[in-house]
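Visitor: Input structure: start.cif, which contains mmCIF, C-alpha atoms.
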data_work
loop_
_atom_site.label_atom_id
_atom_site.label_comp_id
_atom_site.auth_asym_id
_atom_site.auth_seq_id
_atom_site.Cartn_x
_atom_site.Cartn_y
_atom_site.Cartn_z
CA MET A 4 21.15 1.20 9.10
CA SER A 5 22.09 0.94 12.72
CA ASP A 6 22.14 3.86 15.08
CA PRO A 7 25.76 4.35 16.11
CA LYS A 8 24.65 5.80 19.46
CA ILE A 9 23.47 2.42 20.65
CA GLU A 10 26.49 0.36 21.36
CA GLY A 11 26.92 -3.16 22.49
CA TYR A 12 23.43 -4.30 21.64
CA GLU A 13 23.02 -7.93 20.95
CA PHE A 14 20.69 -9.21 18.28
CA LYS A 15 18.56 -11.96 19.74
CA PRO A 16 16.00 -13.55 17.50
CA GLY A 17 12.33 -14.21 18.10
CA PHE A 18 10.03 -13.24 20.93
CA LYS A 19 12.79 -13.42 23.51
CA GLY A 20 14.67 -10.76 21.60
CA MET A 21 11.50 -8.70 21.36
CA ALA A 22 10.90 -8.89 25.10
CA GLN A 23 14.48 -7.85 25.72
CA ASP A 24 14.30 -4.92 23.29
CA THR A 25 10.98 -3.71 24.65
CA GLY A 26 12.02 -3.94 28.27
CA SER A 27 15.55 -2.66 27.82
CA ASP A 28 14.83 0.84 29.22
CA GLN A 29 16.60 2.46 26.30
CA THR A 30 15.92 2.75 22.58
CA MET A 31 13.31 0.15 21.81
CA PHE A 32 13.91 -0.36 18.10
CA LYS A 33 17.57 -1.21 18.31
CA GLY A 34 19.56 -0.83 15.17
CA VAL A 35 16.62 0.78 13.39
CA HIS A 36 17.24 4.28 12.12
CA TRP A 37 14.91 6.75 13.88
CA GLY A 38 13.65 8.00 10.53
CA LYS A 39 12.65 4.51 9.57
CA ALA A 40 10.89 3.86 12.87
CA MET A 41 8.99 7.13 12.51
CA MET A 42 8.04 6.34 8.93
CA TRP A 43 6.65 3.02 10.11
CA ILE A 44 4.58 4.73 12.78
CA PHE A 45 3.35 7.26 10.24
CA LEU A 46 2.38 4.40 7.94
CA LEU A 47 0.62 2.65 10.81
CA SER A 48 -1.53 5.73 11.40
CA HIS A 49 -2.29 5.83 7.68
CA THR A 50 -3.27 2.19 7.77
CA PHE A 51 -5.96 3.23 10.23
CA ILE A 52 -7.15 6.08 8.02
CA PHE A 53 -7.47 3.86 4.96
CA SER A 54 -9.05 1.11 7.05
CA CYS A 55 -11.69 3.55 8.27
CA PHE A 56 -12.45 4.49 4.67
CA LEU A 57 -12.72 0.89 3.54
CA ILE A 58 -14.79 -0.09 6.58
CA SER A 59 -17.19 2.81 6.01
CA TYR A 60 -17.45 1.64 2.41
CA MET A 61 -18.26 -1.87 3.65
CA LYS A 62 -20.90 -0.45 5.99
CA GLY A 63 -22.42 1.74 3.30
CA ARG A 64 -22.48 -0.99 0.70
CA GLY A 65 -23.77 -3.58 3.12
CA SER A 66 -26.64 -1.50 4.44
CA THR A 67 -28.10 -0.25 1.17
CA LEU A 68 -31.09 -2.11 -0.22
CA ILE A 69 -30.49 -0.88 -3.78
CA ASP A 70 -28.15 -2.91 -5.99
CA TRP A 71 -24.53 -1.84 -5.97
CA PRO A 72 -23.21 -0.88 -9.44
CA ASN A 73 -21.50 -3.76 -11.23
CA THR A 74 -17.90 -2.59 -11.02
CA SER A 75 -16.63 -4.80 -13.79
CA GLU A 76 -19.05 -3.06 -16.17
CA VAL A 77 -18.63 0.44 -14.75
CA PHE A 78 -14.84 0.27 -15.04
CA SER A 79 -14.71 -1.51 -18.40
CA LEU A 80 -12.89 -0.01 -21.35
CA HIS A 81 -13.77 -0.49 -24.99
CA VAL A 82 -11.06 -2.03 -27.14
CA GLY A 83 -12.43 -1.60 -30.64
CA SER A 84 -16.07 -2.29 -29.95
CA THR A 85 -15.79 -5.03 -27.32
CA PRO A 86 -15.84 -3.93 -23.68
CA VAL A 87 -13.00 -5.39 -21.62
CA PRO A 88 -13.87 -5.48 -17.91
CA LEU A 89 -11.61 -3.63 -15.50
CA LEU A 90 -8.93 -3.19 -18.18
CA LEU A 91 -7.69 0.20 -17.00
CA ILE A 92 -7.67 -0.90 -13.37
CA ALA A 93 -5.64 -4.00 -14.26
CA ILE A 94 -3.09 -1.89 -16.13
CA MET A 95 -2.93 0.55 -13.20
CA THR A 96 -2.29 -2.35 -10.84
CA PHE A 97 0.53 -3.66 -13.01
CA VAL A 98 2.08 -0.20 -13.32
CA LEU A 99 2.02 0.26 -9.57
CA ILE A 100 3.56 -3.17 -8.92
CA THR A 101 6.25 -2.45 -11.49
CA SER A 102 7.10 0.80 -9.77
CA SER A 103 7.13 -0.98 -6.42
CA GLY A 104 9.64 -3.48 -7.80
CA THR A 105 11.93 -0.77 -9.18
CA MET A 106 11.76 0.97 -5.81
CA ALA A 107 12.78 -2.21 -3.97
CA LEU A 108 15.76 -2.53 -6.31
CA ALA A 109 16.62 1.16 -5.84
CA VAL A 110 16.82 0.57 -2.07
CA LYS A 111 19.09 -2.40 -2.64
CA TYR A 112 21.42 -0.52 -5.01
CA GLY A 113 21.39 2.44 -2.66
CA TYR A 114 22.77 0.35 0.17
CA GLU A 115 25.37 -1.01 -2.21
CA LYS A 116 26.37 2.62 -2.90
CA ASN A 117 25.61 2.20 -6.58
CA ARG A 118 24.62 5.82 -7.11
CA LYS A 119 23.77 5.75 -10.84
CA MET A 120 21.69 2.57 -10.71
CA CYS A 121 19.86 3.78 -7.60
CA GLY A 122 19.07 7.13 -9.22
CA TRP A 123 17.77 5.62 -12.45
CA LEU A 124 15.58 3.17 -10.57
CA ILE A 125 14.09 5.95 -8.44
CA LEU A 126 13.42 7.90 -11.61
CA ALA A 127 11.73 4.85 -13.15
CA THR A 128 9.61 4.55 -10.02
CA ALA A 129 8.62 8.20 -10.26
CA ILE A 130 7.61 7.78 -13.90
CA GLY A 131 5.58 4.70 -13.01
CA GLY A 132 3.80 6.68 -10.30
CA LEU A 133 3.15 9.54 -12.70
CA THR A 134 1.66 7.11 -15.22
CA PHE A 135 -0.59 5.76 -12.50
CA VAL A 136 -1.84 9.22 -11.52
CA GLY A 137 -2.42 10.03 -15.18
CA MET A 138 -4.52 6.93 -15.68
CA GLN A 139 -6.46 7.71 -12.54
CA ALA A 140 -7.20 11.21 -13.83
CA PHE A 141 -8.44 9.62 -17.06
CA GLU A 142 -10.64 7.21 -15.10
CA TRP A 143 -12.10 10.03 -13.00
CA SER A 144 -12.91 12.21 -15.99
CA LYS A 145 -14.48 9.25 -17.81
CA LEU A 146 -16.76 8.51 -14.86
CA ILE A 147 -17.62 12.18 -14.36
CA HIS A 148 -18.62 12.36 -18.03
CA GLU A 149 -20.85 9.34 -17.52
CA GLY A 150 -22.62 11.21 -14.75
CA VAL A 151 -21.06 9.73 -11.62
CA ARG A 152 -21.22 12.24 -8.77
CA PRO A 153 -20.64 11.87 -5.05
CA TRP A 154 -24.41 12.13 -4.55
CA GLU A 155 -25.75 10.16 -7.54
CA ASN A 156 -24.81 7.91 -10.41
CA PRO A 157 -26.69 6.22 -13.24
CA PHE A 158 -25.57 2.67 -12.36
CA GLY A 159 -27.11 1.87 -8.99
CA ALA A 160 -26.80 2.71 -5.32
CA LYS A 161 -26.14 6.42 -4.77
CA GLN A 162 -23.39 5.85 -2.22
CA PHE A 163 -21.10 4.42 -4.89
CA GLY A 164 -19.84 7.80 -6.10
CA SER A 165 -18.93 9.23 -2.72
CA PHE A 166 -16.98 6.12 -1.71
CA PHE A 167 -15.28 5.92 -5.08
CA PHE A 168 -14.11 9.53 -5.13
CA MET A 169 -13.07 9.57 -1.50
CA ILE A 170 -11.11 6.32 -1.46
CA THR A 171 -9.38 6.56 -4.83
CA GLY A 172 -8.91 10.30 -4.38
CA PHE A 173 -7.16 9.88 -1.06
CA HIS A 174 -5.01 7.12 -2.49
CA GLY A 175 -4.22 9.19 -5.58
CA THR A 176 -3.16 12.09 -3.37
CA HIS A 177 -0.71 9.78 -1.64
CA VAL A 178 0.66 8.62 -4.98
CA SER A 179 1.05 12.22 -6.16
CA ILE A 180 2.92 13.25 -3.02
CA GLY A 181 5.09 10.16 -3.41
CA VAL A 182 5.89 11.08 -7.02
CA ILE A 183 6.99 14.57 -5.98
CA PHE A 184 9.31 13.12 -3.35
CA LEU A 185 10.61 10.48 -5.74
CA PHE A 186 11.69 13.18 -8.19
CA ILE A 187 13.37 15.14 -5.40
CA TYR A 188 15.18 12.03 -4.16
CA ALA A 189 16.21 11.04 -7.68
CA TYR A 190 17.79 14.48 -8.03
CA LYS A 191 19.50 14.18 -4.66
CA THR A 192 20.78 10.72 -5.48
CA PHE A 193 22.23 11.76 -8.84
CA LYS A 194 23.82 14.79 -7.16
CA GLY A 195 25.50 12.40 -4.74
CA HIS A 196 23.99 13.88 -1.59
CA TYR A 197 23.82 10.47 0.02
CA ASP A 198 27.42 9.63 -0.79
CA GLU A 199 28.75 12.91 0.58
CA GLY A 200 26.48 12.99 3.62
CA LYS A 201 25.02 16.36 2.59
CA ARG A 202 22.36 17.63 4.97
CA GLY A 203 18.79 17.86 3.70
CA TRP A 204 16.52 20.91 3.70
CA PHE A 205 14.26 20.17 6.56
CA THR A 206 16.60 18.22 8.65
CA THR A 207 20.07 18.45 10.04
CA MET A 208 20.44 14.73 9.44
CA LYS A 209 23.38 13.86 7.28
CA GLY A 210 22.43 12.37 3.95
CA ASN A 211 22.54 8.61 4.00
CA TYR A 212 21.14 5.92 1.77
CA VAL A 213 18.80 4.91 4.59
CA GLU A 214 16.63 7.80 3.36
CA ILE A 215 16.03 5.86 0.16
CA GLU A 216 14.76 2.97 2.22
CA ILE A 217 12.44 5.31 4.16
CA LEU A 218 11.09 6.71 0.91
CA GLY A 219 10.75 3.14 -0.32
CA LEU A 220 8.64 2.23 2.71
CA TYR A 221 6.22 5.03 1.85
CA TRP A 222 6.06 3.97 -1.78
CA HIS A 223 5.46 0.30 -0.96
CA PHE A 224 2.73 1.37 1.42
CA VAL A 225 0.98 3.18 -1.41
CA ASP A 226 1.15 -0.04 -3.41
CA LEU A 227 -0.08 -2.00 -0.40
CA VAL A 228 -3.14 0.23 -0.02
CA TRP A 229 -3.88 -0.24 -3.71
CA VAL A 230 -3.86 -4.02 -3.21
CA PHE A 231 -6.70 -3.62 -0.71
CA ILE A 232 -8.61 -1.05 -2.77
CA PHE A 233 -8.30 -3.26 -5.85
CA ALA A 234 -9.65 -6.27 -3.96
CA PHE A 235 -12.46 -4.60 -2.05
CA PHE A 236 -13.59 -1.80 -4.28
CA TYR A 237 -12.99 -3.06 -7.80
CA LEU A 238 -13.19 -6.85 -7.57
CA TRP A 239 -15.65 -7.48 -4.75
CA MET B 25 30.98 5.24 10.38
CA GLY B 26 33.08 2.15 9.88
CA ILE B 27 30.68 0.03 11.89
CA MET B 28 27.72 1.53 10.05
CA SER B 29 28.92 0.68 6.59
CA GLU B 30 29.71 -2.83 7.71
CA LYS B 31 26.14 -3.19 8.95
CA GLU B 32 24.76 -1.76 5.74
CA GLN B 33 26.64 -4.30 3.71
CA SER B 34 25.12 -7.10 5.71
CA THR B 35 21.58 -5.79 5.19
CA THR B 36 21.50 -5.90 1.41
CA HIS B 37 20.06 -8.98 -0.16
CA LYS B 38 20.63 -10.81 -3.38
CA ILE B 39 18.84 -9.37 -6.37
CA GLY B 40 17.22 -12.74 -7.05
CA ILE B 41 14.90 -12.53 -4.06
CA TYR B 42 13.50 -9.16 -5.18
CA LEU B 43 12.97 -10.43 -8.71
CA TRP B 44 11.19 -13.52 -7.42
CA ILE B 45 8.85 -11.48 -5.24
CA TRP B 46 8.26 -9.07 -8.09
CA GLY B 47 7.36 -11.93 -10.40
CA LEU B 48 5.08 -13.49 -7.80
CA LEU B 49 3.26 -10.17 -7.35
CA PHE B 50 2.64 -10.01 -11.09
CA VAL B 51 1.35 -13.57 -11.17
CA LEU B 52 -0.93 -12.99 -8.16
CA SER B 53 -2.30 -9.77 -9.66
CA PHE B 54 -2.93 -11.60 -12.90
CA PHE B 55 -4.81 -14.33 -11.01
CA SER B 56 -6.94 -11.83 -9.14
CA TYR B 57 -7.78 -10.15 -12.44
CA MET B 58 -8.74 -13.58 -13.82
CA VAL B 59 -11.22 -13.94 -10.96
CA ASP B 60 -13.12 -11.05 -12.47
CA TRP B 61 -12.44 -12.09 -16.08
CA TYR B 62 -14.13 -15.46 -15.63
CA GLN B 63 -16.86 -13.85 -13.49
CA LEU B 64 -16.52 -16.36 -10.67
CA GLN B 65 -19.31 -15.78 -8.17
CA GLY B 66 -20.21 -16.48 -4.60
CA LEU B 67 -17.93 -18.00 -2.00
CA LEU B 68 -15.27 -18.97 -4.55
CA ARG B 69 -14.93 -15.36 -5.73
CA TRP B 70 -14.64 -13.89 -2.23
CA SER B 71 -12.22 -16.48 -0.97
CA LEU B 72 -9.96 -16.18 -4.03
CA ILE B 73 -9.99 -12.37 -3.86
CA LEU B 74 -9.07 -12.47 -0.17
CA ILE B 75 -6.38 -15.13 -0.60
CA PHE B 76 -4.65 -13.27 -3.43
CA MET B 77 -4.98 -9.97 -1.58
CA PHE B 78 -3.42 -11.25 1.62
CA LEU B 79 -0.65 -13.07 -0.26
CA LYS B 80 0.24 -9.90 -2.16
CA ALA B 81 0.09 -7.73 0.95
CA GLY B 82 2.20 -10.24 2.87
CA LEU B 83 4.85 -10.44 0.16
CA ILE B 84 5.10 -6.66 -0.15
CA MET B 85 5.38 -6.17 3.60
CA ALA B 86 7.73 -9.06 4.28
CA PHE B 87 10.23 -8.54 1.47
CA PHE B 88 9.81 -5.17 -0.22
CA MET B 89 9.31 -3.42 3.11
CA HIS B 90 11.93 -5.68 4.74
CA LEU B 91 9.73 -6.70 7.68
CA PHE B 92 10.96 -10.28 7.29
CA TRP B 93 14.44 -9.07 8.24
CA GLU B 94 13.42 -6.55 10.90
CA ARG B 95 13.54 -7.17 14.60
CA TYR B 96 10.46 -8.59 16.30
CA ALA B 97 10.15 -5.50 18.50
CA LEU B 98 9.30 -3.45 15.41
CA VAL B 99 7.30 -6.13 13.60
CA ASN B 100 5.01 -6.71 16.57
CA VAL B 101 4.44 -3.02 17.22
CA LEU B 102 3.26 -2.75 13.63
CA LEU B 103 1.16 -5.87 13.34
CA TRP B 104 -0.71 -6.08 16.65
CA PRO B 105 -2.70 -2.86 16.09
CA MET B 106 -4.25 -4.63 13.09
CA THR B 107 -6.35 -6.65 15.53
CA ALA B 108 -8.10 -3.37 16.42
CA ILE B 109 -9.04 -3.02 12.76
CA GLY B 110 -10.34 -6.59 12.85
CA CYS B 111 -12.55 -5.72 15.83
CA PHE B 112 -13.81 -2.61 14.05
CA ILE B 113 -14.73 -4.67 10.97
CA PHE B 114 -16.58 -7.13 13.21
CA LEU B 115 -18.53 -4.32 14.89
CA MET B 116 -19.44 -2.64 11.62
CA VAL B 117 -20.65 -5.90 10.08
CA ALA B 118 -23.06 -6.22 13.00
CA GLU B 119 -24.03 -2.58 12.46
CA PHE B 120 -24.84 -2.86 8.76
CA GLN B 121 -26.81 -6.03 9.31
CA TYR B 122 -28.86 -4.18 11.89
CA THR B 123 -29.38 -1.26 9.49
CA VAL B 124 -30.57 -3.61 6.76
CA PHE B 125 -32.86 -5.33 9.24
CA THR B 126 -34.48 -2.07 10.37
CA ARG B 127 -34.87 -0.86 6.80
CA LEU B 128 -36.60 -4.05 5.73
CA PHE B 129 -38.63 -4.22 8.91
CA TYR B 130 -40.09 -0.71 8.65
CA PHE B 131 -40.59 -1.18 4.94
CA VAL B 132 -42.97 -4.04 5.75
CA VAL B 133 -44.51 -2.70 8.95
CA GLY B 134 -44.59 0.93 7.91
CA GLY B 135 -42.96 3.61 10.02
CA GLN B 136 -44.97 5.77 12.37
#
Could you spell out this file's structure in structure tokens?

Guide:
Amino acid sequence: MSDPKIEGYEFKPGFKGMAQDTGSDQTMFKGVHWGKAMMWIFLLSHTFIFSCFLISYMKGRGSTLIDWPNTSEVFSLHVGSTPVPLLLIAIMTFVLITSSGTMALAVKYGYEKNRKMCGWLILATAIGGLTFVGMQAFEWSKLIHEGVRPWENPFGAKQFGSFFFMITGFHGTHVSIGVIFLFIYAYKTFKGHYDEGKRGWFTTMKGNYVEIEILGLYWHFVDLVWVFIFAFFYLW
Amino acid sequence: MGIMSEKEQSTTHKIGIYLWIWGLLFVLSFFSYMVDWYQLQGLLRWSLILIFMFLKAGLIMAFFMHLFWERYALVNVLLWPMTAIGCFIFLMVAEFQYTVFTRLFYFVVGGQ
């Protein structure tokens, strides 16, 4: 995890340590792999993108005088003949949390150099993500059949459709990209690229299990965004 | 490399902590679903939704994303920009209230 180029750094806890790191006129994030620091900064920028989407949704929903569609009815599924509110969304949430948990364990087993376990857990995460995307595709097609469009819908305020498709679509794109990378990393893990230090395809960096942690950060971020979408878009 | 692998060993955590957090996330998600199930309304609904949301987000960031174990230099660089988002939310709340006000106002007065 630590950058071997930085030698003799001392880990000091708390704000004093932060002040020392920040003012040390050298690498600021000491002991943090550059890839991990860059992933965090990438995720920070994405936090702003998703925040802008959710804030524009808040502004749109707050300023319309027409009733907002009742999400627990719009997103209900029929089990037999009784409608269960938000059923699909609840299952999607649980699937995503499950995949987040398997990813966290994959990172742990990766650092313990347990290649097999790490690979299987990444694969499980990828399958969880794929299930999520599949359910989202089902949800989209169901709503499109019911006549929800970005410019109109039969349930209430017209803005509903555009916010729904934009926010969940952007999130779903992130999940899909994550799934692709999870499959690639599962392959690389099983092949032992991280044990041998094999170089990757767009980087000259030697393979290291820290890459699993970086991938994990991205995947947990996707889950994190879903927590906010679930709260603000589906439950509110 | 010797130093690196020693460091890596020290950064793995017991499996129990991940399982606990995982379980807590399930429980919190279940609770937030229950908020909708029982159709709680008004202040209770909003506060419960927000509490469960922030608890889940905090647990994911602190433990799954390892921020709890990261150095403060990184943690603070990541968390302080969130205040900008807070400001933006504050501004946009004022904005939508103004939009609603003008819409209602001209609906009554009639626009010319």

Visitor: Identify all residues satisfying the PyMOL selection byres ((chain A) within 6 of (chain B)) in the given file; provide them as a PDB file with C-alpha atoms, in the frame of the given file.

Guide:
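After the write, out-v7.pdb holds the following:
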ATOM      1  CA  MET A   4      21.150   1.200   9.100  1.00  0.00           C
ATOM      2  CA  MET A  21      11.500  -8.700  21.360  1.00  0.00           C
ATOM      3  CA  LYS A  62     -20.900  -0.450   5.990  1.00  0.00           C
ATOM      4  CA  GLY A  65     -23.770  -3.580   3.120  1.00  0.00           C
ATOM      5  CA  SER A  66     -26.640  -1.500   4.440  1.00  0.00           C
ATOM      6  CA  GLY A 104       9.640  -3.480  -7.800  1.00  0.00           C
ATOM      7  CA  ALA A 107      12.780  -2.210  -3.970  1.00  0.00           C
ATOM      8  CA  LYS A 111      19.090  -2.400  -2.640  1.00  0.00           C
ATOM      9  CA  LEU A 220       8.640   2.230   2.710  1.00  0.00           C
ATOM     10  CA  LEU A 227      -0.080  -2.000  -0.400  1.00  0.00           C
TER      11      LEU A 227
END

Visitor: Please, what distance in Å, to one decimal, runs between atom CA of Phe186 of chain A and atom CA of Tyr221 of chain A?

Guide: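 Spanning atom CA of Phe186 of chain A to atom CA of Tyr221 of chain A is a straight-line distance of 14.0 Å.
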
Visitor: For this file, the PyMOL selection byres ((chain A and resi 164-173) around 8) selects which residues, as a ChimeraX atom specification?

Guide: /A:53,56-57,60,151-156,161-163,174-177,232,236

Visitor: Which distance in Å separates atom CA of Asp70 of chain A and atom CA of Gly159 of chain A, to one decimal?

Guide: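 Straight-line distance from atom CA of Asp70 of chain A to atom CA of Gly159 of chain A works out to 5.7 Å.
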
Visitor: Can you list what the PyMOL selection byres ((chain A and resi 183) around 12) grabs from this structure, as a count of residues only?

Guide: 24

Visitor: Using only C-alpha atoms, pick whichever of A:Ala160, A:Leu124, A:Ile69, A:Leu46 has the shortest atom-to-atom distance to Ser102 of chain A.

Guide: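 Of A:Ala160, A:Leu124, A:Ile69, A:Leu46, the one nearest Ser102 of chain A is A:Leu124, counting only C-alpha atoms.
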
Visitor: Using atom CA of Thr74 of chain A and atom CA of Trp239 of chain A as the two end points, give the distance in Å to one decimal.

Guide: 8.3 Å
